[in-house]
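Coordinates from data.cif are shown below (mmCIF, C-alpha atoms).
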```
data_coords
loop_
_atom_site.label_atom_id
_atom_site.label_comp_id
_atom_site.auth_asym_id
_atom_site.auth_seq_id
_atom_site.Cartn_x
_atom_site.Cartn_y
_atom_site.Cartn_z
CA MET X 520 -26.85 -23.63 -59.87
CA THR X 521 -26.55 -22.21 -56.41
CA ALA X 522 -29.19 -19.73 -55.36
CA PRO X 523 -27.85 -16.28 -54.48
CA ALA X 524 -27.70 -15.37 -50.83
CA PRO X 525 -30.50 -13.12 -49.61
CA ALA X 526 -29.65 -9.44 -49.27
CA ASP X 527 -30.07 -9.53 -45.49
CA ALA X 528 -27.97 -12.67 -44.96
CA THR X 529 -25.55 -10.85 -42.70
CA ARG X 530 -28.40 -10.16 -40.29
CA LEU X 531 -29.12 -13.88 -40.04
CA ARG X 532 -25.60 -14.87 -38.97
CA PRO X 533 -25.47 -15.84 -35.31
CA ARG X 534 -23.47 -13.52 -33.07
CA THR X 535 -21.12 -14.88 -30.45
CA ALA X 536 -21.02 -13.06 -27.13
CA PRO X 537 -17.60 -11.55 -26.50
CA HIS X 538 -15.37 -12.88 -23.71
CA GLY X 539 -16.67 -11.82 -20.31
CA CYS X 540 -20.26 -11.40 -21.57
CA SER X 541 -23.32 -13.64 -21.54
CA SER X 542 -26.21 -13.48 -23.97
CA ALA X 543 -29.90 -14.32 -23.53
CA PRO X 544 -31.69 -16.74 -25.92
CA ALA X 545 -32.46 -15.30 -29.38
CA ARG X 546 -36.03 -14.27 -30.26
CA SER X 547 -37.99 -13.06 -33.33
CA ASP X 548 -39.40 -9.55 -33.47
CA SER X 549 -43.12 -8.87 -33.91
CA ALA X 550 -42.74 -8.18 -37.64
CA GLY X 551 -41.19 -11.59 -38.23
CA ARG X 552 -38.05 -10.06 -39.69
CA GLY X 553 -35.74 -12.76 -38.44
CA THR X 554 -33.69 -13.28 -35.33
CA VAL X 555 -33.09 -10.28 -33.07
CA LEU X 556 -30.44 -10.68 -30.38
CA PRO X 557 -30.79 -8.76 -27.11
CA PRO X 558 -27.86 -6.62 -26.00
CA PRO X 559 -25.21 -8.64 -24.16
CA THR X 560 -25.11 -8.61 -20.38
CA ILE X 561 -21.70 -7.47 -19.15
CA VAL X 562 -20.24 -9.53 -16.30
CA ARG X 563 -17.81 -7.44 -14.28
CA HIS X 564 -15.25 -9.08 -12.01
CA THR X 565 -14.21 -7.09 -8.94
CA ALA X 566 -10.66 -7.57 -7.74
CA ALA X 567 -10.29 -8.94 -4.24
CA PRO X 568 -9.29 -6.33 -1.63
CA THR X 569 -5.62 -6.09 -0.80
CA GLU X 570 -4.77 -8.13 2.29
CA ARG X 571 -3.26 -6.17 5.18
CA ARG X 572 -0.29 -8.15 6.39
CA PRO X 573 1.23 -7.94 9.87
CA MET X 574 4.54 -6.22 10.38
CA ALA X 575 7.16 -8.51 11.85
CA GLY X 576 10.83 -8.12 12.57
CA ILE X 577 13.65 -7.57 15.01
CA GLU X 578 13.77 -4.44 17.15
CA PHE X 579 17.23 -2.89 17.39
CA GLU X 580 17.11 -0.74 20.50
CA ALA X 581 18.97 0.34 23.61
CA LYS X 582 17.97 2.40 26.65
CA ALA X 583 19.75 5.11 28.60
CA LEU X 584 18.30 5.02 32.11
CA ASP X 585 17.81 7.71 34.75
CA ILE X 586 17.96 10.77 32.51
CA ASP X 587 16.90 14.39 32.89
CA PRO X 588 14.28 15.08 30.17
CA LYS X 589 15.18 18.76 29.65
CA LYS X 590 18.91 18.06 29.47
CA MET X 591 18.28 15.13 27.15
CA GLU X 592 16.23 17.24 24.77
CA ARG X 593 19.02 19.81 24.63
CA LEU X 594 21.57 17.10 23.79
CA ILE X 595 19.33 15.72 21.04
CA VAL X 596 18.88 19.15 19.44
CA GLU X 597 22.61 19.91 19.69
CA ALA X 598 23.34 16.61 17.92
CA GLY X 599 21.04 17.63 15.04
CA GLY X 600 17.87 15.90 16.18
CA VAL X 601 14.33 17.26 16.16
CA ARG X 602 11.29 16.75 18.36
CA ARG X 603 8.51 15.00 16.45
CA THR X 604 5.71 15.03 19.04
CA GLU X 605 4.63 16.73 22.22
CA PRO X 606 4.50 14.59 25.38
CA ARG X 607 1.51 12.26 25.09
CA LEU X 608 -0.16 9.68 27.26
CA MET X 609 0.13 6.08 26.11
CA ARG X 610 -1.96 3.26 27.53
CA ARG X 611 -1.76 -0.48 27.09
CA TYR X 612 -3.20 -3.82 28.11
CA VAL X 613 -0.78 -6.71 28.55
CA TYR X 614 -1.85 -10.36 28.13
CA ASP X 615 -0.22 -13.74 28.43
CA THR X 616 -0.18 -15.83 25.28
CA ILE X 617 -2.06 -19.14 25.19
CA PRO X 618 -0.25 -21.15 26.39
CA ALA X 619 1.79 -18.73 28.51
CA VAL X 620 5.47 -18.65 27.52
CA PRO X 621 8.19 -16.88 29.54
CA GLY X 622 9.50 -13.84 27.67
CA ARG X 623 6.52 -13.67 25.30
CA TRP X 624 3.36 -11.61 25.69
CA VAL X 625 0.59 -9.80 23.83
CA ARG X 626 0.34 -6.01 23.98
CA LEU X 627 -2.59 -3.82 22.97
CA ARG X 628 -1.42 -0.19 22.93
CA ASP X 629 -2.98 3.20 22.26
CA THR X 630 -0.20 5.67 21.44
CA GLY X 631 -2.51 8.67 21.25
CA ALA X 632 -2.25 8.59 17.45
CA VAL X 633 -2.72 4.91 16.55
CA THR X 634 -3.75 1.67 18.26
CA THR X 635 -1.69 -1.46 17.67
CA LEU X 636 -1.81 -5.11 18.69
CA CYS X 637 1.42 -7.05 18.82
CA VAL X 638 3.16 -10.14 20.14
CA LYS X 639 6.58 -9.45 21.65
CA GLN X 640 9.19 -12.15 22.15
CA ILE X 641 12.37 -11.56 24.14
CA SER X 642 15.10 -14.00 23.15
CA THR X 643 18.08 -12.22 24.76
CA ASP X 644 18.93 -8.92 26.45
CA ALA X 645 21.11 -7.91 23.49
CA VAL X 646 20.36 -4.89 21.31
CA ASP X 647 18.72 -7.20 18.74
CA GLY X 648 17.07 -9.56 21.22
CA THR X 649 13.43 -8.43 20.83
CA HIS X 650 11.16 -9.80 18.10
CA GLU X 651 7.82 -8.14 17.43
CA THR X 652 4.84 -8.92 15.19
CA GLU X 653 2.38 -6.02 15.04
CA VAL X 654 -0.83 -4.98 13.30
CA THR X 655 -2.89 -1.79 13.47
CA VAL X 656 -6.40 -2.03 14.94
CA ASP X 657 -9.25 0.46 14.99
CA ASN X 658 -10.35 0.75 18.61
CA PHE X 659 -8.56 0.19 21.92
CA GLU X 660 -11.48 -0.87 24.12
CA GLU X 661 -13.33 -2.83 21.43
CA THR X 662 -10.19 -4.80 20.59
CA ASN X 663 -9.72 -5.59 24.28
CA ALA X 664 -13.32 -6.85 24.38
CA LEU X 665 -12.73 -8.98 21.27
CA LEU X 666 -9.59 -10.50 22.79
CA GLY X 667 -11.63 -11.32 25.88
CA LEU X 668 -14.06 -13.31 23.74
CA MET X 669 -11.05 -15.20 22.39
CA GLY X 670 -9.95 -16.12 25.92
CA LEU X 671 -7.29 -13.43 26.45
CA THR X 672 -7.78 -11.56 29.72
CA PRO X 673 -5.39 -8.66 30.46
CA ARG X 674 -3.03 -9.33 33.32
CA SER X 675 -2.29 -5.63 33.64
CA TYR X 676 -3.17 -2.13 32.49
CA GLN X 677 -0.25 0.32 32.14
CA GLU X 678 0.28 3.98 31.33
CA ASN X 679 3.35 5.99 30.40
CA ARG X 680 4.15 9.34 28.80
CA ARG X 681 6.28 9.56 25.68
CA THR X 682 7.95 12.36 23.73
CA SER X 683 9.32 11.34 20.32
CA TYR X 684 12.43 12.68 18.59
CA ALA X 685 14.34 11.83 15.43
CA LEU X 686 18.09 11.92 14.87
CA GLY X 687 18.49 11.24 11.17
CA ALA X 688 16.81 7.87 10.58
CA VAL X 689 17.07 6.90 14.26
CA ARG X 690 13.98 7.09 16.47
CA LEU X 691 14.44 8.46 19.98
CA GLU X 692 11.69 7.96 22.56
CA LEU X 693 11.85 9.78 25.89
CA ASP X 694 9.69 7.66 28.18
CA GLU X 695 8.32 8.53 31.61
CA TRP X 696 6.78 5.73 33.66
CA PRO X 697 5.18 5.79 37.12
CA LEU X 698 7.47 5.00 40.07
CA ILE X 699 10.81 5.05 38.15
CA PRO X 700 13.06 7.77 36.63
CA PRO X 701 12.67 8.65 32.92
CA TYR X 702 14.73 6.86 30.29
CA LEU X 703 15.62 7.33 26.62
CA GLU X 704 15.02 4.55 24.11
CA ILE X 705 17.20 4.56 20.98
CA GLU X 706 15.67 2.52 18.15
CA ALA X 707 16.94 2.04 14.59
CA ASP X 708 16.77 -0.33 11.63
CA ASP X 709 20.11 -1.93 12.45
CA GLU X 710 22.61 -2.17 15.31
CA PRO X 711 25.31 0.19 13.92
CA GLN X 712 22.78 3.03 13.75
CA VAL X 713 21.89 2.50 17.41
CA TRP X 714 25.52 2.78 18.50
CA ALA X 715 26.18 5.77 16.22
CA ALA X 716 23.23 7.68 17.67
CA ALA X 717 24.30 6.81 21.21
CA GLU X 718 27.79 8.13 20.50
CA ALA X 719 26.37 11.34 19.00
CA LEU X 720 24.44 11.87 22.24
CA GLY X 721 27.52 11.24 24.37
CA PHE X 722 26.61 7.77 25.70
CA ASP X 723 29.18 5.00 26.11
CA ARG X 724 27.92 1.50 25.39
CA GLU X 725 28.43 0.61 29.04
CA ARG X 726 25.90 3.31 29.94
CA LEU X 727 23.17 1.60 27.88
CA THR X 728 20.98 -1.44 28.42
CA SER X 729 18.58 -3.42 26.24
CA PHE X 730 16.49 -4.62 29.18
CA ASN X 731 12.75 -4.62 28.57
CA THR X 732 10.55 -2.44 30.79
CA THR X 733 9.84 -5.25 33.26
CA LYS X 734 13.57 -5.73 33.88
CA VAL X 735 14.07 -1.97 34.14
CA TYR X 736 11.54 -1.92 36.98
CA ASP X 737 13.43 -4.83 38.57
CA LEU X 738 16.54 -2.62 38.73
CA TYR X 739 14.59 -0.29 41.04
CA GLY X 740 13.30 -3.14 43.18
CA ILE X 741 9.78 -3.12 41.71
CA ASP X 742 8.03 -6.25 40.42
CA LEU X 743 6.09 -4.89 37.45
CA ASP X 744 4.33 -8.22 36.89
CA ALA X 745 2.75 -7.88 40.34
CA ILE X 746 1.13 -4.52 39.46
CA THR X 747 -2.21 -5.00 37.73
CA ASP X 748 -3.00 -1.29 37.34
CA LEU X 749 -0.10 1.11 36.69
CA ARG X 750 -1.15 4.76 36.32
CA PHE X 751 0.12 8.24 37.03
CA GLU X 752 -1.32 9.74 40.21
#
```
Rewrite the coordinates I just gave you, this time as structure tokens.
Amino acid sequence: MTAPAPADATRLRPRTAPHGCSSAPARSDSAGRGTVLPPPTIVRHTAAPTERRPMAGIEFEAKALDIDPKKMERLIVEAGGVRRTEPRLMRRYVYDTIPAVPGRWVRLRDTGAVTTLCVKQISTDAVDGTHETEVTVDNFEETNALLGLMGLTPRSYQENRRTSYALGAVRLELDEWPLIPPYLEIEADDEPQVWAAAEALGFDRERLTSFNTTKVYDLYGIDLDAITDLRFE
């Protein structure tokens, strides 16, 4: 005949720690009333922080050179555009890549609102000929110092003034640089938007260029690569 189970048998059954928990060894209490299990220790797993990935892509842009800023603003507003910012000073350091490659460089830029670090690659002078990979950084001078520790020494420091506008989804940047006349940069997410905005502003395609800033300076007989410190007087 089987002996009946004791009344407190349920208290003697071992407990299994739930998933994600660990339990300490069992012990008896001072009254000898059987096994007493300590409360489980919860193990919490913290998710890894989200990785911030660089932005990369093709720039679709064209420039209208030698413009009058006041007249240009009037044309933008008449076409339905709006001014997004006041004129602001922008500063940048420019570096050669390692190894140096013609048409490719590193740019550290403070826009007055955000500081970015990017690698620019010019493949052609077409509207879609510029490739850019860019990340946001926290501090202009500290990032320059960090790049110096990595072996990147700036070959030039440059300043310009920029006023930003929007015409629908198209970004319009009115840029003023030392030593040359102002120009308007038309930038969009695809080529048709660039040409549509140019037409709305009254520009023929023949009036526009996709030259980078170095080549724009060349048009005025100035070797930008030979200027190590470009500032407004």
Among listed residues X:Pro697, X:Gly631, X:Gly687, X:Gly622, nearest X:Lys734 (using all atoms listed in the file): X:Gly622
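Take the candidates X:Arg681, X:Val613, X:Ile641, X:Glu653 and check each one against X:Leu666 using all atoms listed in the file; the shortest distance goes to X:Val613.
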The PyMOL selection byres ((chain X and resi 702) around 9) resolved against shown file, as a ChimeraX atom specification: /X:582-588,692-696,699-701,703-704
Interface rows for stretch 646-670 of chain X against stretch 706-721 of chain X: nearest pair, Å to one decimal, 12 Å, all atoms listed in the file, as CSV:
```
residue,atom,partner,partner_atom,distance
X:Val646,CA,X:Glu710,CA,7.0
X:Asp647,CA,X:Glu710,CA,7.2
X:Gly648,CA,X:Glu710,CA,11.0
X:Thr649,CA,X:Glu706,CA,11.5
```
Pick from X:Val654, X:Leu686, X:Leu738, X:Leu671, whichever lies nearest to X:Thr616 using all atoms listed in the file: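 Answer, going by the shortest atom-to-atom distance: X:Leu671.
Take atom CA of X:Arg690 and atom CA of X:Val620: the distance between them is 29.3 Å.
Taking only C-alpha atoms into account, X:Arg593 lies nearest to X:Tyr684 out of the set X:Val656, X:Tyr684, X:Cys637, X:Tyr736.
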Result set of the PyMOL selection byres ((chain X and resi 652) around 10) on the coordinates above, as a ChimeraX atom specification: /X:573-577,625,636-640,650-651,653-654
Length of the atom CA of X:Leu627 to atom CA of X:Tyr612 vector [Å]: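 Atom CA of X:Tyr612 lies at a distance of 5.2 Å from atom CA of X:Leu627.
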Contacts of X:Asp629 at 7 Å (only C-alpha atoms; same-chain gap of 4+ positions) as a PyMOL selection string: chain X and resi 609-611+633-635+659
Selection dump of the PyMOL selection byres ((chain X and resi 601) around 9), as a ChimeraX atom specification: /X:592,595-596,599-600,602-603,683-687
Exercise: residues within 8 Å of coordinate (2.4, 12.5, 21.3), counting only C-alpha atoms, as an NGL selection string: :X and (604-608 or 630-632 or 681-683)
Residue contacts of X:Ile705 (6 Å, all atoms listed in the file) excluding same-chain residues fewer than 3 positions away, as a PyMOL selection string: chain X and resi 580-581+691
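Of note, atom CA of X:Gln677 and atom CA of X:Leu749 are spaced 4.6 Å apart.
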Pick from X:Leu698, X:Phe722, X:Asn679, X:Asp744 nearest to X:Leu594, counting all atoms listed in the file: X:Phe722
